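This is data_37.pdb. It holds PDB, C-alpha atoms.
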ATOM      1  CA  GLU I1458      89.548 108.131  82.737
ATOM      2  CA  ALA I1459      87.655 104.911  83.396
ATOM      3  CA  GLN I1460      84.857 105.442  85.860
ATOM      4  CA  LEU I1461      84.595 103.363  89.036
ATOM      5  CA  SER I1462      82.218 100.496  88.407
ATOM      6  CA  GLY I1463      80.334  97.884  90.348
ATOM      7  CA  PRO I1464      77.445  97.993  92.819
ATOM      8  CA  PRO I1465      77.667 100.410  95.750
ATOM      9  CA  VAL I1466      79.476  99.393  98.898
ATOM     10  CA  ALA I1467      77.211  98.104 101.666
ATOM     11  CA  GLU I1468      76.247 100.666 104.293
ATOM     12  CA  PRO I1469      77.576 100.212 107.868
ATOM     13  CA  GLY I1470      75.348  97.790 109.755
ATOM     14  CA  SER I1471      73.900  96.293 106.599
ATOM     15  CA  LYS I1472      73.705  92.521 106.204
ATOM     16  CA  ASP I1473      74.769  92.803 102.583
ATOM     17  CA  HIS I1474      78.372  91.919 101.837
ATOM     18  CA  ALA I1475      80.666  94.790 100.860
ATOM     19  CA  VAL I1476      81.811  94.555  97.260
ATOM     20  CA  TRP I1477      84.747  95.958  95.353
ATOM     21  CA  ILE I1478      84.414  99.393  93.813
ATOM     22  CA  LEU I1479      87.532  99.536  91.647
ATOM     23  CA  PRO I1480      87.423  98.160  88.089
ATOM     24  CA  SER I1481      89.150  94.829  87.539
ATOM     25  CA  ALA I1482      92.435  94.723  85.689
ATOM     26  CA  HIS I1483      90.730  92.884  82.809
ATOM     27  CA  ALA I1484      88.029  95.529  82.536
ATOM     28  CA  THR I1485      90.605  98.313  82.541
ATOM     29  CA  GLU I1486      92.698  96.608  79.861
ATOM     30  CA  HIS I1487      89.592  96.059  77.730
ATOM     31  CA  HIS I1488      88.642  99.716  78.093
ATOM     32  CA  GLU I1489      92.125 100.841  77.047
ATOM     33  CA  GLU I1490      92.150  98.514  74.058
ATOM     34  CA  GLU I1491      88.848  99.898  72.889
ATOM     35  CA  ALA I1492      90.199 103.424  73.175
ATOM     36  CA  GLY I1493      93.245 102.402  71.163
ATOM     37  CA  LYS I1494      95.602 103.758  73.799
ATOM     38  CA  PRO I1495      98.274 101.965  75.857
ATOM     39  CA  ALA I1496      97.642 101.700  79.591
ATOM     40  CA  PRO I1497      99.298 104.670  81.381
ATOM     41  CA  LEU I1498     102.238 104.062  83.671
ATOM     42  CA  PRO I1499     101.527 104.522  87.397
ATOM     43  CA  GLU I1500     102.355 108.017  88.578
ATOM     44  CA  ASN I1501     104.889 108.709  91.297
ATOM     45  CA  ILE I1502     103.356 109.921  94.538
ATOM     46  CA  PRO I1503     105.033 112.856  96.334
ATOM     47  CA  PRO I1504     106.393 111.832  99.771
ATOM     48  CA  GLN I1505     104.158 114.334 101.547
ATOM     49  CA  ASP I1506     101.081 112.787  99.913
ATOM     50  CA  SER I1507     101.923 109.112 100.359
ATOM     51  CA  GLY I1508     100.861 108.857 104.001
ATOM     52  CA  LEU I1509     103.877 106.580 104.510
ATOM     53  CA  ALA I1510     106.600 107.496 107.001
ATOM     54  CA  TYR I1511     108.605 104.250 107.047
ATOM     55  CA  TYR I1512     108.910 101.180 104.854
ATOM     56  CA  VAL I1513     110.719  98.166 106.340
ATOM     57  CA  ASP I1514     110.967  94.890 104.405
ATOM     58  CA  LEU I1515     111.673  91.975 106.787
ATOM     59  CA  HIS I1516     114.148  89.324 105.622
ATOM     60  CA  GLY I1517     115.991  86.358 107.084
ATOM     61  CA  HIS I1518     119.721  86.038 106.305
ATOM     62  CA  ALA I1519     121.518  82.708 106.160
ATOM     63  CA  SER I1520     125.132  83.857 105.930
ATOM     64  CA  LYS I1521     125.873  87.311 107.349
ATOM     65  CA  ARG I1522     125.507  87.267 111.135
ATOM     66  CA  GLY I1523     123.498  89.730 113.164
ATOM     67  CA  CYS I1524     120.427  91.930 112.762
ATOM     68  CA  PHE I1525     121.140  94.863 110.468
ATOM     69  CA  MET I1526     119.633  97.018 107.739
ATOM     70  CA  TYR I1527     120.205  97.751 104.092
ATOM     71  CA  GLY I1528     119.256 101.333 103.270
ATOM     72  CA  ASN I1529     119.226 103.461 100.155
ATOM     73  CA  SER I1530     121.855 106.021  99.206
ATOM     74  CA  PHE I1531     121.335 109.786  98.928
ATOM     75  CA  SER I1532     123.673 112.315  97.323
ATOM     76  CA  ASP I1533     122.456 115.078  99.639
ATOM     77  CA  GLU I1534     124.262 114.710 102.968
ATOM     78  CA  ASN I1535     121.292 115.901 105.037
ATOM     79  CA  ASP I1536     119.078 113.229 103.478
ATOM     80  CA  GLN I1537     121.790 110.653 104.132
ATOM     81  CA  VAL I1538     121.977 111.740 107.768
ATOM     82  CA  GLU I1539     118.224 111.209 108.201
ATOM     83  CA  ASN I1540     118.504 107.898 106.382
ATOM     84  CA  MET I1541     121.196 106.570 108.736
ATOM     85  CA  LEU I1542     119.802 108.165 111.895
ATOM     86  CA  PHE I1543     116.886 105.750 112.193
ATOM     87  CA  PRO I1544     119.042 102.558 112.220
ATOM     88  CA  LYS I1545     121.412 104.225 114.691
ATOM     89  CA  LEU I1546     118.471 104.802 117.031
ATOM     90  CA  ILE I1547     117.456 101.159 116.696
ATOM     91  CA  ALA I1548     120.943 100.175 117.885
ATOM     92  CA  LEU I1549     120.503 102.594 120.785
ATOM     93  CA  ASN I1550     117.367 100.698 121.817
ATOM     94  CA  SER I1551     118.399  97.119 121.064
ATOM     95  CA  PRO I1552     121.503  95.242 122.188
ATOM     96  CA  TYR I1553     121.061  92.886 119.228
ATOM     97  CA  PHE I1554     120.897  95.351 116.335
ATOM     98  CA  ASP I1555     124.256  95.807 114.599
ATOM     99  CA  PHE I1556     124.581  99.320 113.175
ATOM    100  CA  THR I1557     128.131  98.604 111.990
ATOM    101  CA  GLY I1558     126.710  95.801 109.846
ATOM    102  CA  CYS I1559     124.341  98.139 107.979
ATOM    103  CA  ASN I1560     124.963  99.158 104.376
ATOM    104  CA  PHE I1561     123.785 102.454 102.864
ATOM    105  CA  SER I1562     125.866 102.461  99.674
ATOM    106  CA  GLU I1563     124.679 103.163  96.148
ATOM    107  CA  LYS I1564     126.426  99.986  95.024
ATOM    108  CA  ASN I1565     124.234  97.935  97.339
ATOM    109  CA  MET I1566     121.112  99.498  95.806
ATOM    110  CA  TYR I1567     121.789  97.992  92.386
ATOM    111  CA  ALA I1568     124.213  95.094  92.935
ATOM    112  CA  ARG I1569     123.181  91.687  91.618
ATOM    113  CA  ASP I1570     122.605  88.783  93.970
ATOM    114  CA  LYS I1571     125.394  86.215  93.702
ATOM    115  CA  ARG I1572     122.929  83.327  93.880
ATOM    116  CA  ASP I1573     120.162  84.232  91.446
ATOM    117  CA  GLY I1574     121.595  87.229  89.587
ATOM    118  CA  GLN I1575     118.618  89.413  90.476
ATOM    119  CA  SER I1576     119.361  93.125  90.863
ATOM    120  CA  LYS I1577     118.652  94.763  94.218
ATOM    121  CA  GLY I1578     117.190  97.612  92.184
ATOM    122  CA  GLY I1579     114.026  95.519  92.192
ATOM    123  CA  SER I1580     113.950  95.176  95.982
ATOM    124  CA  GLY I1581     111.074  96.611  97.977
ATOM    125  CA  ARG I1582     113.120  99.360  99.628
ATOM    126  CA  VAL I1583     114.469 100.668  96.314
ATOM    127  CA  ALA I1584     111.127 100.394  94.533
ATOM    128  CA  VAL I1585     109.248 102.200  97.321
ATOM    129  CA  TYR I1586     111.868 104.942  97.422
ATOM    130  CA  LYS I1587     111.633 105.447  93.656
ATOM    131  CA  ALA I1588     107.831 105.487  93.723
ATOM    132  CA  LEU I1589     107.310 107.619  96.827
ATOM    133  CA  GLY I1590     110.612 109.371  97.435
ATOM    134  CA  ILE I1591     110.577 108.567 101.160
ATOM    135  CA  ILE I1592     113.959 108.549 102.867
ATOM    136  CA  HIS I1593     113.194 105.889 105.471
ATOM    137  CA  SER I1594     112.908 102.826 103.242
ATOM    138  CA  TYR I1595     114.872  99.786 104.417
ATOM    139  CA  THR I1596     115.406  96.054 104.379
ATOM    140  CA  LEU I1597     115.773  94.590 107.882
ATOM    141  CA  GLU I1598     117.935  91.465 107.747
ATOM    142  CA  CYS I1599     118.180  89.035 110.664
ATOM    143  CA  ASN I1600     120.448  86.011 110.705
ATOM    144  CA  TYR I1601     118.742  82.722 111.466
ATOM    145  CA  ASN I1602     121.324  81.712 114.041
ATOM    146  CA  THR I1603     123.338  84.374 115.876
ATOM    147  CA  GLY I1604     125.019  87.779 115.716
ATOM    148  CA  ARG I1605     128.494  89.275 115.852
ATOM    149  CA  LEU I1606     128.143  91.409 118.966
ATOM    150  CA  VAL I1607     125.900  92.646 121.774
ATOM    151  CA  ASN I1608     125.508  96.416 122.169
ATOM    152  CA  SER I1609     125.841  98.183 125.474
ATOM    153  CA  ILE I1610     122.687 100.309 125.538
ATOM    154  CA  PRO I1611     121.746 103.036 128.030
ATOM    155  CA  VAL I1612     118.921 102.640 130.517
ATOM    156  CA  ALA I1613     115.605 104.348 129.859
ATOM    157  CA  CYS I1614     114.583 107.454 131.787
ATOM    158  CA  HIS I1615     111.212 108.643 133.166
ATOM    159  CA  ASP I1616     110.002 105.027 133.184
ATOM    160  CA  ASN I1617     110.105 104.305 136.948
ATOM    161  CA  GLY I1618     111.792 101.012 136.168
ATOM    162  CA  ARG I1619     109.034  99.801 133.834
ATOM    163  CA  ALA I1620     111.144  99.661 130.664
ATOM    164  CA  SER I1621     113.141  96.498 130.077
ATOM    165  CA  PRO I1622     116.604  96.955 131.586
ATOM    166  CA  PRO I1623     119.476  96.576 129.127
ATOM    167  CA  PRO I1624     121.181  93.187 129.271
ATOM    168  CA  THR I1625     124.773  92.825 130.332
ATOM    169  CA  PRO I1626     127.048  92.903 127.270
ATOM    170  CA  ALA I1627     128.101  89.372 126.495
ATOM    171  CA  PHE I1628     129.058  87.048 123.676
ATOM    172  CA  PRO I1629     126.143  86.772 121.204
ATOM    173  CA  SER I1630     123.807  83.925 122.040
ATOM    174  CA  LYS I1631     121.637  81.824 119.763
ATOM    175  CA  TYR I1632     118.793  83.859 118.323
ATOM    176  CA  THR I1633     115.303  83.143 119.600
ATOM    177  CA  VAL I1634     111.813  84.373 118.785
ATOM    178  CA  GLU I1635     111.955  86.597 121.871
ATOM    179  CA  LEU I1636     115.193  88.193 120.657
ATOM    180  CA  PHE I1637     113.723  88.891 117.204
ATOM    181  CA  GLU I1638     110.696  90.449 118.913
ATOM    182  CA  GLN I1639     112.966  92.722 120.957
ATOM    183  CA  VAL I1640     114.553  94.024 117.742
ATOM    184  CA  GLY I1641     111.061  94.678 116.397
ATOM    185  CA  ARG I1642     110.126  96.650 119.507
ATOM    186  CA  ALA I1643     113.341  98.665 119.217
ATOM    187  CA  LEU I1644     112.437  99.524 115.639
ATOM    188  CA  ALA I1645     109.087 100.941 116.778
ATOM    189  CA  VAL I1646     110.664 102.789 119.718
ATOM    190  CA  ALA I1647     113.261 104.308 117.361
ATOM    191  CA  ALA I1648     110.390 105.769 115.310
ATOM    192  CA  LEU I1649     109.159 107.447 118.506
ATOM    193  CA  ASP I1650     112.670 108.786 119.087
ATOM    194  CA  MET I1651     112.743 110.176 115.553
ATOM    195  CA  ALA I1652     109.511 112.055 116.259
ATOM    196  CA  GLU I1653     110.823 113.077 119.720
ATOM    197  CA  CYS I1654     107.725 111.681 121.404
ATOM    198  CA  ASN I1655     109.192 108.671 123.236
ATOM    199  CA  PRO I1656     107.990 108.859 126.871
ATOM    200  CA  TRP I1657     110.814 106.545 128.047
ATOM    201  CA  PRO I1658     113.820 107.566 125.949
ATOM    202  CA  ARG I1659     117.219 105.927 126.243
ATOM    203  CA  ILE I1660     118.972 108.624 124.229
ATOM    204  CA  VAL I1661     118.789 111.056 127.185
ATOM    205  CA  LEU I1662     121.209 108.911 129.207
ATOM    206  CA  SER I1663     123.390 108.070 126.223
ATOM    207  CA  GLU I1664     126.611 109.850 125.240
ATOM    208  CA  HIS I1665     124.569 112.022 122.856
ATOM    209  CA  SER I1666     121.891 113.124 125.382
ATOM    210  CA  CYS I1667     119.433 114.344 122.716
ATOM    211  CA  LEU I1668     118.405 113.813 119.101
ATOM    212  CA  SER I1669     119.991 117.041 117.856
ATOM    213  CA  ASN I1670     123.381 115.977 119.242
ATOM    214  CA  LEU I1671     123.039 112.546 117.658
ATOM    215  CA  ARG I1672     122.107 114.175 114.346
ATOM    216  CA  ALA I1673     125.226 116.378 114.561
ATOM    217  CA  TRP I1674     127.326 113.278 115.303
ATOM    218  CA  MET I1675     125.827 111.521 112.294
ATOM    219  CA  LEU I1676     126.579 114.501 110.054
ATOM    220  CA  LYS I1677     130.257 114.330 111.065
ATOM    221  CA  HIS I1678     130.171 110.577 110.496
ATOM    222  CA  VAL I1679     128.748 111.001 106.979
ATOM    223  CA  ARG I1680     131.241 113.737 106.108
ATOM    224  CA  GLY I1681     134.077 111.630 107.495
ATOM    225  CA  MET I1682     133.204 108.911 104.994
ATOM    226  CA  LYS I1683     134.055 111.180 102.086
ATOM    227  CA  GLY I1684     137.689 110.264 102.540
ATOM    228  CA  THR I1685     136.958 106.524 102.443
ATOM    229  CA  GLY I1686     135.772 105.935  98.919
ATOM    230  CA  GLY I1687     133.493 108.931  98.543
ATOM    231  CA  GLY I1688     130.501 109.996 100.573
ATOM    232  CA  PRO I1689     127.383 112.017  99.913
ATOM    233  CA  ARG I1690     127.768 115.594  98.857
ATOM    234  CA  ARG I1691     125.752 118.625  99.780
ATOM    235  CA  ARG I1692     124.485 119.136  96.246
ATOM    236  CA  GLY I1693     124.608 116.909  93.212
ATOM    237  CA  GLY I1694     126.937 113.948  93.002
ATOM    238  CA  ALA I1695     125.918 110.356  93.192
ATOM    239  CA  ARG I1696     128.558 108.718  95.323
ATOM    240  CA  THR I1697     127.469 107.706  98.786
ATOM    241  CA  PRO I1698     129.084 106.105 101.822
ATOM    242  CA  PRO I1699     130.143 102.485 101.895
ATOM    243  CA  ARG I1700     129.270 100.313 104.840
ATOM    244  CA  SER I1701     129.162 102.202 108.115
ATOM    245  CA  SER I1702     132.171 101.724 110.361
ATOM    246  CA  THR I1703     130.988 103.263 113.665
TER     247      THR I1703
END
Turn the structure described in the file into structure tokens.
Amino acid sequence: EAQLSGPPVAEPGSKDHAVWILPSAHATEHHEEEAGKPAPLPENIPPQDSGLAYYVDLHGHASKRGCFMYGNSFSDENDQVENMLFPKLIALNSPYFDFTGCNFSEKNMYARDKRDGQSKGGSGRVAVYKALGIIHSYTLECNYNTGRLVNSIPVACHDNGRASPPPTPAFPSKYTVELFEQVGRALAVAALDMAECNPWPRIVLSEHSCLSNLRAWMLKHVRGMKGTGGGPRRRGGARTPPRSST
């Protein structure tokens, strides 16, 4: 292996500028050429070693209305449940996130864009999943203009009124920076819900009451999709659910 090269990094408090310690791409290529060997392909990193819990690629969408996610597809139904659980929790925390507009199908992982012909297999969420194997790898799409619906979300508990009260369900309004920011906050709060460490949870006062009940609901939802074009299987199989309908 090529050794790390370059001067040492400056010590904390030193006036010297810190310098790079990894070899440049040109130096690495030159070293490989001299050795007469092709450059090795990057190795996949096991999910438990990646240090990455979530990957979310932020996109604007000009045609499809709403704020929604594209997720990857998993043949194992338990993995698919965990994959779809996170977006469902976002919808539980944001009136503007459209879970019914999300897509977790295998077809959507590799379909070609109608405009430029590029395959979605080269998208960030698919590439990160293939490299790291993490389940929670998504593209968050937000329309530039407006959505299709406004969710009715439960109030938060244990917050003494400090959490933002849910808005009254109404016809979708024009999107604003503040609305996009609310979806971003809901995404972060959903990660707390996934880890069951949200101090002001909304799920407690929802129809599900706790994460385990919501996970059981999602399992039934995933299994119910098997009769609508094929859903994920317990073992093996590659077919996964089409767009969510609930």
Find the residues around Cys1524 of chain I up to 9 Å (all atoms listed in the file counted), leave out those fewer than 5 positions away in its own chain, and share them as a PyMOL selection string. chain I and resi 1518+1553-1556+1558-1559+1597-1600+1603-1604+1637+1640
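Residue nearest Gly1523 of chain I, chosen from I:Asn1602, I:Ser1580, I:Asn1550, I:Asn1617 and counting all atoms listed in the file: I:Asn1602.
The space between atom CA of Val1583 of chain I and atom CA of Met1566 of chain I spans 6.8 Å.
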List as a list in words the protein and nucleic acid residues near Arg1659 of chain I, meaning an atom at most 8 Å away when all atoms listed in the file are counted, but skip any in the same chain fewer than 4 places from it. Leu1549, Asn1550, Ile1610, Pro1611, Val1612, Ala1613, Cys1614 and Ser1663 of chain I
Applying the PyMOL selection byres ((chain I and resi 1501-1506) around 8) to the file I just gave you, which residues come out? Please list them as a PyMOL selection string. chain I and resi 1499-1500+1507-1509+1587-1591
Output C-alpha atoms for every residue in that selection, as a PDB file, in the frame of the given file.
ATOM      1  CA  PRO I1499     101.527 104.522  87.397  1.00  0.00           C
ATOM      2  CA  GLU I1500     102.355 108.017  88.578  1.00  0.00           C
ATOM      3  CA  SER I1507     101.923 109.112 100.359  1.00  0.00           C
ATOM      4  CA  GLY I1508     100.861 108.857 104.001  1.00  0.00           C
ATOM      5  CA  LEU I1509     103.877 106.580 104.510  1.00  0.00           C
ATOM      6  CA  LYS I1587     111.633 105.447  93.656  1.00  0.00           C
ATOM      7  CA  ALA I1588     107.831 105.487  93.723  1.00  0.00           C
ATOM      8  CA  LEU I1589     107.310 107.619  96.827  1.00  0.00           C
ATOM      9  CA  GLY I1590     110.612 109.371  97.435  1.00  0.00           C
ATOM     10  CA  ILE I1591     110.577 108.567 101.160  1.00  0.00           C
TER      11      ILE I1591
END
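The neighbours of Ala1643 of chain I here are the residues that come within 6 Å of it, using only C-alpha atoms and leaving out any residue fewer than 2 positions away in the same chain; they are Ile1547, Asn1550, Ser1551, Val1640, Gly1641, Ala1645, Val1646 and Ala1647 of chain I.
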One number please: atom CA of Lys1631 of chain I to atom CA of Leu1515 of chain I, in Å, one decimal. 19.3 Å
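Using all atoms listed in the file, the shortest contact distance between Leu1649 of chain I and any of I:Leu1671, I:Ala1510, I:Ala1627, I:Val1634 is found at I:Ala1510.
Comparing the minimum interatomic distances between Leu1636 of chain I and each of I:Val1607, I:Ile1592, I:Met1682, I:Lys1545, counting all atoms listed in the file, we find that I:Val1607 sits nearest.
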Return as an MDAnalysis selection string the set of residues that the PyMOL selection byres ((chain I and resi 1669) around 12) yields on the displayed structure. chainID I and resid 1538:1539 1542 1650:1653 1660:1661 1665:1668 1670:1676
Correct to one decimal, the distance atom CA of Arg1605 of chain I-atom CA of Val1679 of chain I is 23.5 Å
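With distances restricted to only C-alpha atoms, I:Asn1529 is the closest residue to His1593 of chain I from I:Asn1529, I:Asn1560, I:Asn1608, I:Gln1639.
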How about completing segment 1646-1682 of chain I with N, CA and C atoms and giving it to me as a tab-separated table (two decimals), in the coordinates of the input?
chain	number	residue	atom	x	y	z
I	1646	VAL	N	110.25	101.76	118.76
I	1646	VAL	CA	110.66	102.79	119.72
I	1646	VAL	C	111.56	103.82	119.03
I	1647	ALA	N	112.40	103.38	118.10
I	1647	ALA	CA	113.26	104.31	117.36
I	1647	ALA	C	112.43	105.30	116.55
I	1648	ALA	N	111.28	104.85	116.04
I	1648	ALA	CA	110.39	105.77	115.31
I	1648	ALA	C	109.85	106.84	116.25
I	1649	LEU	N	109.58	106.45	117.51
I	1649	LEU	CA	109.16	107.45	118.51
I	1649	LEU	C	110.30	108.43	118.80
I	1650	ASP	N	111.52	107.91	118.87
I	1650	ASP	CA	112.67	108.79	119.09
I	1650	ASP	C	112.84	109.77	117.94
I	1651	MET	N	112.62	109.31	116.71
I	1651	MET	CA	112.74	110.18	115.55
I	1651	MET	C	111.74	111.32	115.62
I	1652	ALA	N	110.55	111.03	116.14
I	1652	ALA	CA	109.51	112.06	116.26
I	1652	ALA	C	109.62	112.82	117.57
I	1653	GLU	N	110.60	112.45	118.41
I	1653	GLU	CA	110.82	113.08	119.72
I	1653	GLU	C	109.56	113.02	120.59
I	1654	CYS	N	108.92	111.86	120.57
I	1654	CYS	CA	107.72	111.68	121.40
I	1654	CYS	C	107.79	110.38	122.20
I	1655	ASN	N	109.01	109.88	122.44
I	1655	ASN	CA	109.19	108.67	123.24
I	1655	ASN	C	109.10	109.03	124.72
I	1656	PRO	N	108.12	108.50	125.46
I	1656	PRO	CA	107.99	108.86	126.87
I	1656	PRO	C	109.10	108.27	127.75
I	1657	TRP	N	109.74	107.18	127.28
I	1657	TRP	CA	110.81	106.54	128.05
I	1657	TRP	C	112.09	106.47	127.20
I	1658	PRO	N	112.67	107.58	126.86
I	1658	PRO	CA	113.82	107.57	125.95
I	1658	PRO	C	115.10	107.05	126.60
I	1659	ARG	N	115.89	106.36	125.81
I	1659	ARG	CA	117.22	105.93	126.24
I	1659	ARG	C	118.29	106.93	125.80
I	1660	ILE	N	117.98	107.70	124.77
I	1660	ILE	CA	118.97	108.62	124.23
I	1660	ILE	C	119.38	109.69	125.25
I	1661	VAL	N	118.50	110.02	126.19
I	1661	VAL	CA	118.79	111.06	127.18
I	1661	VAL	C	119.98	110.66	128.04
I	1662	LEU	N	120.11	109.38	128.37
I	1662	LEU	CA	121.21	108.91	129.21
I	1662	LEU	C	122.35	108.30	128.39
I	1663	SER	N	122.30	108.54	127.08
I	1663	SER	CA	123.39	108.07	126.22
I	1663	SER	C	124.46	109.15	126.12
I	1664	GLU	N	125.54	108.87	125.42
I	1664	GLU	CA	126.61	109.85	125.24
I	1664	GLU	C	126.15	111.06	124.44
I	1665	HIS	N	125.04	110.93	123.70
I	1665	HIS	CA	124.57	112.02	122.86
I	1665	HIS	C	123.58	112.93	123.58
I	1666	SER	N	122.83	112.41	124.51
I	1666	SER	CA	121.89	113.12	125.38
I	1666	SER	C	120.62	113.64	124.71
I	1667	CYS	N	120.65	113.89	123.40
I	1667	CYS	CA	119.43	114.34	122.72
I	1667	CYS	C	119.56	114.06	121.22
I	1668	LEU	N	118.42	114.14	120.52
I	1668	LEU	CA	118.40	113.81	119.10
I	1668	LEU	C	119.24	114.79	118.28
I	1669	SER	N	119.22	116.06	118.63
I	1669	SER	CA	119.99	117.04	117.86
I	1669	SER	C	121.49	116.77	117.94
I	1670	ASN	N	121.96	116.32	119.11
I	1670	ASN	CA	123.38	115.98	119.24
I	1670	ASN	C	123.72	114.73	118.43
I	1671	LEU	N	122.80	113.76	118.44
I	1671	LEU	CA	123.04	112.55	117.66
I	1671	LEU	C	123.03	112.87	116.17
I	1672	ARG	N	122.15	113.77	115.76
I	1672	ARG	CA	122.11	114.18	114.35
I	1672	ARG	C	123.42	114.88	113.95
I	1673	ALA	N	123.95	115.71	114.84
I	1673	ALA	CA	125.23	116.38	114.56
I	1673	ALA	C	126.36	115.36	114.47
I	1674	TRP	N	126.32	114.34	115.35
I	1674	TRP	CA	127.33	113.28	115.30
I	1674	TRP	C	127.23	112.53	113.98
I	1675	MET	N	126.01	112.26	113.54
I	1675	MET	CA	125.83	111.52	112.29
I	1675	MET	C	126.30	112.33	111.10
I	1676	LEU	N	126.11	113.65	111.14
I	1676	LEU	CA	126.58	114.50	110.05
I	1676	LEU	C	128.10	114.42	109.94
I	1677	LYS	N	128.80	114.47	111.08
I	1677	LYS	CA	130.26	114.33	111.06
I	1677	LYS	C	130.66	112.95	110.54
I	1678	HIS	N	129.90	111.95	110.94
I	1678	HIS	CA	130.17	110.58	110.50
I	1678	HIS	C	130.03	110.46	108.98
I	1679	VAL	N	128.98	111.04	108.42
I	1679	VAL	CA	128.75	111.00	106.98
I	1679	VAL	C	129.85	111.77	106.24
I	1680	ARG	N	130.19	112.95	106.75
I	1680	ARG	CA	131.24	113.74	106.11
I	1680	ARG	C	132.59	113.05	106.20
I	1681	GLY	N	132.82	112.34	107.33
I	1681	GLY	CA	134.08	111.63	107.50
I	1681	GLY	C	134.25	110.50	106.50
I	1682	MET	N	133.13	110.00	105.96
I	1682	MET	CA	133.20	108.91	104.99
I	1682	MET	C	133.65	109.38	103.61
